[in-house]
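Enquirer: What follows is a structure written as structure tokens; I'll ask about it next.
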Amino acid sequence: MSDNLVRRNSFSPAAGLLSAIGFLLVLCASSAIAGQPVRILDASGHWLELPGPAQRIVALAPHIVENLYSAGAGDRLIGVISHSDFPAAARQLPQVGKYNSISYETLIALKPDLVIAWGSGNGDATITKLRDFGFRVFVTESRTLEDIPRNVRLFGTLAGTQGHANRAADRWLSRLRALRQAHETLPAVSVLYQVWHDPLQTLNGDHLISDVIEACGGRNAFADAAVLAPKISIEAVLARNPEVIIASGMAEARPQWLNNWNAYPGLSAVKNDNLYHIHPDVIQRHTFRILDGMEQVCRNLNATRAKSATQNRSHTAP
């Protein structure tokens, strides 16, 4: 399963606080000027203070690396973690371990003036240890699609590249609005988003990928599940009979296990050939590329609607 599943409400200690102070974060960030002190509240409720924009940044998640480049701050990066593979320049940077296993010796040797952490991925224990070592740490989280450009703006403030970051965020939000508007009045399509096959696992309505599905006029078939990434049964899928199944898997190639659904020809998604695959990096990383994944989801749902319309016409023809 991908290390970079995109979540809503995934950093529970700060979830309520994050919603309440979202506007304050942007307001504080917008007041920073290059060369002057920076003071910003992060997703854990911690105030970060820097004497000036950061020049030596270590990022502890692949999506944070990618968003720093989107903010125009890629040249400030001096360290990343494993699987930080986009853009290509990130592959050349020193690695400080995995998202859940940091090499503190390597990190200390790099002498960063800022470490940007992923709250729900790196975890409280790691973040506390980083601060105990004396590192300045900024904790980030994404719970909605709008949090992605907001974090890019914040990264621009942290690195002194606000102009670049703000322009990039504005362009991305315009693209998001256009996608939503193009699909908001279309007939709803029920969707099973399949994360994995053994065990069979999906995502509930609190997950950010549900935002993606809904933005395309879809309906998450397991939105009402009690946990964020529930394990489900074949029987439960058959009972809910989704019109579309979208699988992510682990890589660019379509997972072989997606074809396992062909054993259930009565399932609507199988009967109408609506089994789709999307590369996990463009749907499960909370970066600007998630709109590339959204465009694929929208195309899949539009194809499903077209098939349904054709079938309805054939059934009503004299």
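For the structure tokens, the naming scheme is as follows: chains receive sequential letters (A, B, ...) according to their order of presentation, residues are indexed from 1 within each chain, and ligands are indexed from 1 in presentation order.
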I'd like to know which residues of region 200-248 of chain A are helix (DSSP H, G or I) (by DSSP, run on the backbone); could you write them as a VMD selection string?
Expert: chain A and resid 208 to 215 234 to 240
Enquirer: Which residues are close to region 86-94 of chain A, i.e. within 10 Å by only C-alpha atoms, leaving aside same-chain residues fewer than 5 positions away? Reply as a PyMOL selection string.
Expert: chain A and resi 58+62-63+65-67+69-70+74-75+77-81+106-107+110+281
Enquirer: Find the spatial neighbours of Gln55 (chain A), counting only C-alpha atoms, within a cut-off of 10 Å - ignore same-chain residues fewer than 3 positions away - and output them as a list in words.
Expert: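 Once the nearby chain positions are removed, what remains is Gly52, Ala73, Asp75, Arg76, Leu77, Ile78, Pro112, Asp113, Leu114, Leu158, Ala159 and Gly160 of chain A.
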Enquirer: Using only C-alpha atoms, which protein or nucleic acid residues come within 8 Å of region 164-177 of chain A? Drop anything in the same chain fewer than 6 positions from it, and give the result as a PyMOL selection string.
Expert: chain A and resi 70-72+146+149-150+152-153+155-156+288+291
Enquirer: Could you please determine the separation between CA of Phe222 (chain A) and CA of Thr310 (chain A) in Å, to one decimal place?
Expert: 27.1 Å
Enquirer: Choose the residue, out of A:Val96, A:Leu192, A:Cys298, A:Ile102, that has the smallest atom-to-atom separation from Arg219 (chain A); count only C-alpha atoms.
Expert: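 Checking each candidate against Arg219 (chain A), we get A:Leu192 as the closest.
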Enquirer: Can you tell me which residues surround Ser248 (chain A) at a distance of at most 10 Å, considering only C-alpha atoms, apart from same-chain residues fewer than 5 positions away, and format the answer as a list of chain:residue names?
Expert: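 The neighbour list is A:Met1, A:Ser2, A:Tyr193, A:Gln194, A:Val195, A:Trp196, A:Ala253, A:Arg254, A:Pro255, A:Leu258, A:Tyr276, A:His277, A:Ile278, A:His279, A:Pro280, A:Asp281, A:Val282, A:Ile283, A:Gln284.
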Enquirer: Can you work out which one of A:Val38, A:Leu50, A:Val237, A:Ile57 has the shortest atom-to-atom distance to Tyr264 (chain A), counting only C-alpha atoms?
Expert: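 Among the listed residues, the smallest separation from Tyr264 (chain A) belongs to A:Val237.
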Enquirer: Mind running region 73-192 of chain A against region 269-273 of chain A at 12 Å and telling me each contacting residue's nearest atom pair with the distance in Å (one decimal), counting only C-alpha atoms, chain and number ascending, as a tab-separated table?
Expert:
residue	atom	partner	partner_atom	distance
A:Val189	CA	A:Ala269	CA	10.7
A:Ser190	CA	A:Ala269	CA	9.5
A:Val191	CA	A:Ala269	CA	8.9
A:Leu192	CA	A:Ala269	CA	9.2
Enquirer: Would you mind exporting N, CA, C and O atoms of the selected residues as a PDB file, in the first residue's frame?
Expert:
ATOM      1  N   VAL A 189     -22.785   8.697  -9.788  1.00  0.00           N
ATOM      2  CA  VAL A 189     -22.320   7.346 -10.114  1.00  0.00           C
ATOM      3  C   VAL A 189     -21.685   6.764  -8.854  1.00  0.00           C
ATOM      4  O   VAL A 189     -20.827   7.402  -8.237  1.00  0.00           O
ATOM      5  N   SER A 190     -22.103   5.558  -8.457  1.00  0.00           N
ATOM      6  CA  SER A 190     -21.544   4.952  -7.255  1.00  0.00           C
ATOM      7  C   SER A 190     -20.184   4.331  -7.566  1.00  0.00           C
ATOM      8  O   SER A 190     -19.999   3.660  -8.590  1.00  0.00           O
ATOM      9  N   VAL A 191     -19.225   4.560  -6.667  1.00  0.00           N
ATOM     10  CA  VAL A 191     -17.829   4.182  -6.908  1.00  0.00           C
ATOM     11  C   VAL A 191     -17.265   3.421  -5.714  1.00  0.00           C
ATOM     12  O   VAL A 191     -17.394   3.866  -4.567  1.00  0.00           O
ATOM     13  N   LEU A 192     -16.611   2.299  -5.991  1.00  0.00           N
ATOM     14  CA  LEU A 192     -15.755   1.643  -5.002  1.00  0.00           C
ATOM     15  C   LEU A 192     -14.322   2.019  -5.333  1.00  0.00           C
ATOM     16  O   LEU A 192     -13.832   1.714  -6.427  1.00  0.00           O
TER      17      LEU A 192
END
Enquirer: What are the closest atom pairs, with distances in Å to one decimal, for all residues of region 149-191 of chain A lying within 9 Å of region 208-214 of chain A? Consider only C-alpha atoms, order rows by chain and residue number, and present the result as JSON lines.
Expert:
{"residue": "A:Arg180", "atom": "CA", "partner": "A:Glu214", "partner_atom": "CA", "distance": 8.7}
{"residue": "A:Glu184", "atom": "CA", "partner": "A:Glu214", "partner_atom": "CA", "distance": 8.6}
{"residue": "A:Ala188", "atom": "CA", "partner": "A:Glu214", "partner_atom": "CA", "distance": 8.6}
{"residue": "A:Val191", "atom": "CA", "partner": "A:Ile213", "partner_atom": "CA", "distance": 7.7}
Enquirer: Using N, CA, C and O atoms, can you write the selected residues to a file as a short mmCIF file (atom, residue, chain, number, x, y, z; two decimals), in the first residue's frame?
Expert:
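Listed below is the output, again03.cif:
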data_model
loop_
_atom_site.label_atom_id
_atom_site.label_comp_id
_atom_site.auth_asym_id
_atom_site.auth_seq_id
_atom_site.Cartn_x
_atom_site.Cartn_y
_atom_site.Cartn_z
N ARG A 180 -14.88 20.97 -10.93
CA ARG A 180 -16.09 20.81 -10.13
C ARG A 180 -17.32 21.33 -10.88
O ARG A 180 -18.37 20.68 -10.91
N GLU A 184 -20.81 19.13 -11.58
CA GLU A 184 -21.68 19.25 -10.40
C GLU A 184 -23.14 18.92 -10.68
O GLU A 184 -23.88 18.58 -9.75
N ALA A 188 -25.29 11.15 -10.50
CA ALA A 188 -24.34 10.52 -9.58
C ALA A 188 -24.02 9.10 -10.02
O ALA A 188 -24.88 8.40 -10.57
N VAL A 191 -19.23 4.56 -6.67
CA VAL A 191 -17.83 4.18 -6.91
C VAL A 191 -17.26 3.42 -5.71
O VAL A 191 -17.39 3.87 -4.57
#
Enquirer: Find the residue from A:Leu60, A:Arg289, A:Ala229, A:Ser308 that sits nearest to Ser268 (chain A); use only C-alpha atoms when measuring.
Expert: A:Ser308
Enquirer: Do you know which residues are at most 10 Å from Leu48 (chain A) counting only C-alpha atoms, after dropping those on the same chain fewer than 3 positions away, and could you put them as a ChimeraX atom specification?
Expert: /A:38-42,45,114,136-139,158
Enquirer: Could you please write out, as a PyMOL selection string, every residue of region 81-255 of chain A that DSSP assigns to strand (DSSP E or B)?
Expert: chain A and resi 95+97-98+101-102+114-118+137-140+189-194+196-197+200-201+218-220+231+244-247
Enquirer: Any chance you could export the current selection's N, CA and C atoms as a tab-separated table (two decimals), in the first residue's frame?
Expert:
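The resulting file, part-v7.tsv, is shown below:
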chain	number	residue	atom	x	y	z
A	95	GLN	N	19.07	11.26	1.37
A	95	GLN	CA	17.91	10.71	2.07
A	95	GLN	C	18.22	10.53	3.55
A	97	GLY	N	16.24	8.56	5.58
A	97	GLY	CA	15.50	7.41	6.06
A	97	GLY	C	14.14	7.29	5.41
A	98	LYS	N	13.23	6.60	6.12
A	98	LYS	CA	11.86	6.42	5.66
A	98	LYS	C	10.93	7.33	6.46
A	101	SER	N	10.85	5.99	9.84
A	101	SER	CA	12.13	5.54	10.40
A	101	SER	C	13.21	6.53	9.97
A	102	ILE	N	13.41	7.56	10.77
A	102	ILE	CA	14.33	8.64	10.43
A	102	ILE	C	15.74	8.33	10.95
A	114	LEU	N	15.26	24.04	9.01
A	114	LEU	CA	13.84	23.73	9.11
A	114	LEU	C	13.60	22.30	8.68
A	115	VAL	N	12.78	21.58	9.46
A	115	VAL	CA	12.32	20.24	9.10
A	115	VAL	C	10.81	20.32	8.95
A	116	ILE	N	10.30	19.91	7.79
A	116	ILE	CA	8.85	19.90	7.57
A	116	ILE	C	8.37	18.46	7.68
A	117	ALA	N	7.45	18.20	8.62
A	117	ALA	CA	6.99	16.85	8.92
A	117	ALA	C	5.53	16.67	8.51
A	118	TRP	N	5.16	15.41	8.33
A	118	TRP	CA	3.79	15.00	8.01
A	118	TRP	C	3.17	14.44	9.29
A	137	VAL	N	10.68	22.51	13.67
A	137	VAL	CA	9.80	21.58	12.94
A	137	VAL	C	8.49	22.26	12.61
A	138	PHE	N	8.07	22.13	11.37
A	138	PHE	CA	6.75	22.61	10.94
A	138	PHE	C	5.94	21.38	10.54
A	139	VAL	N	4.80	21.16	11.19
A	139	VAL	CA	3.96	20.00	10.93
A	139	VAL	C	2.86	20.38	9.96
A	140	THR	N	2.68	19.57	8.94
A	140	THR	CA	1.67	19.83	7.92
A	140	THR	C	0.69	18.67	7.82
A	189	VAL	N	-22.78	8.70	-9.79
A	189	VAL	CA	-22.32	7.35	-10.11
A	189	VAL	C	-21.68	6.76	-8.85
A	190	SER	N	-22.10	5.56	-8.46
A	190	SER	CA	-21.54	4.95	-7.25
A	190	SER	C	-20.18	4.33	-7.57
A	191	VAL	N	-19.23	4.56	-6.67
A	191	VAL	CA	-17.83	4.18	-6.91
A	191	VAL	C	-17.26	3.42	-5.71
A	192	LEU	N	-16.61	2.30	-5.99
A	192	LEU	CA	-15.76	1.64	-5.00
A	192	LEU	C	-14.32	2.02	-5.33
A	193	TYR	N	-13.66	2.71	-4.40
A	193	TYR	CA	-12.23	2.97	-4.57
A	193	TYR	C	-11.49	1.88	-3.82
A	194	GLN	N	-10.77	1.05	-4.57
A	194	GLN	CA	-10.10	-0.10	-3.97
A	194	GLN	C	-8.62	0.22	-3.77
A	196	TRP	N	-6.55	-1.88	-1.92
A	196	TRP	CA	-5.78	-3.13	-1.92
A	196	TRP	C	-6.73	-4.30	-2.03
A	197	HIS	N	-6.16	-5.48	-2.30
A	197	HIS	CA	-7.00	-6.66	-2.55
A	197	HIS	C	-6.92	-7.71	-1.45
A	200	LEU	N	-9.07	-6.99	1.26
A	200	LEU	CA	-9.84	-6.05	0.45
A	200	LEU	C	-10.08	-4.79	1.28
A	201	GLN	N	-9.64	-3.65	0.76
A	201	GLN	CA	-9.67	-2.42	1.55
A	201	GLN	C	-10.12	-1.24	0.69
A	218	GLY	N	-19.40	11.78	-8.44
A	218	GLY	CA	-19.52	10.40	-7.98
A	218	GLY	C	-20.01	10.32	-6.55
A	219	ARG	N	-20.26	9.09	-6.12
A	219	ARG	CA	-20.68	8.82	-4.75
A	219	ARG	C	-19.87	7.64	-4.23
A	220	ASN	N	-19.15	7.86	-3.16
A	220	ASN	CA	-18.35	6.80	-2.55
A	220	ASN	C	-19.29	5.73	-1.98
A	231	LYS	N	-11.49	-2.46	6.09
A	231	LYS	CA	-11.40	-3.74	5.40
A	231	LYS	C	-12.83	-4.22	5.18
A	244	VAL	N	-18.92	1.55	-10.62
A	244	VAL	CA	-17.52	1.71	-11.03
A	244	VAL	C	-16.62	1.19	-9.92
A	245	ILE	N	-15.53	0.52	-10.30
A	245	ILE	CA	-14.46	0.19	-9.35
A	245	ILE	C	-13.18	0.82	-9.86
A	246	ILE	N	-12.57	1.65	-9.02
A	246	ILE	CA	-11.29	2.28	-9.34
A	246	ILE	C	-10.25	1.75	-8.37
A	247	ALA	N	-9.17	1.21	-8.91
A	247	ALA	CA	-8.11	0.65	-8.08
A	247	ALA	C	-6.84	1.48	-8.23
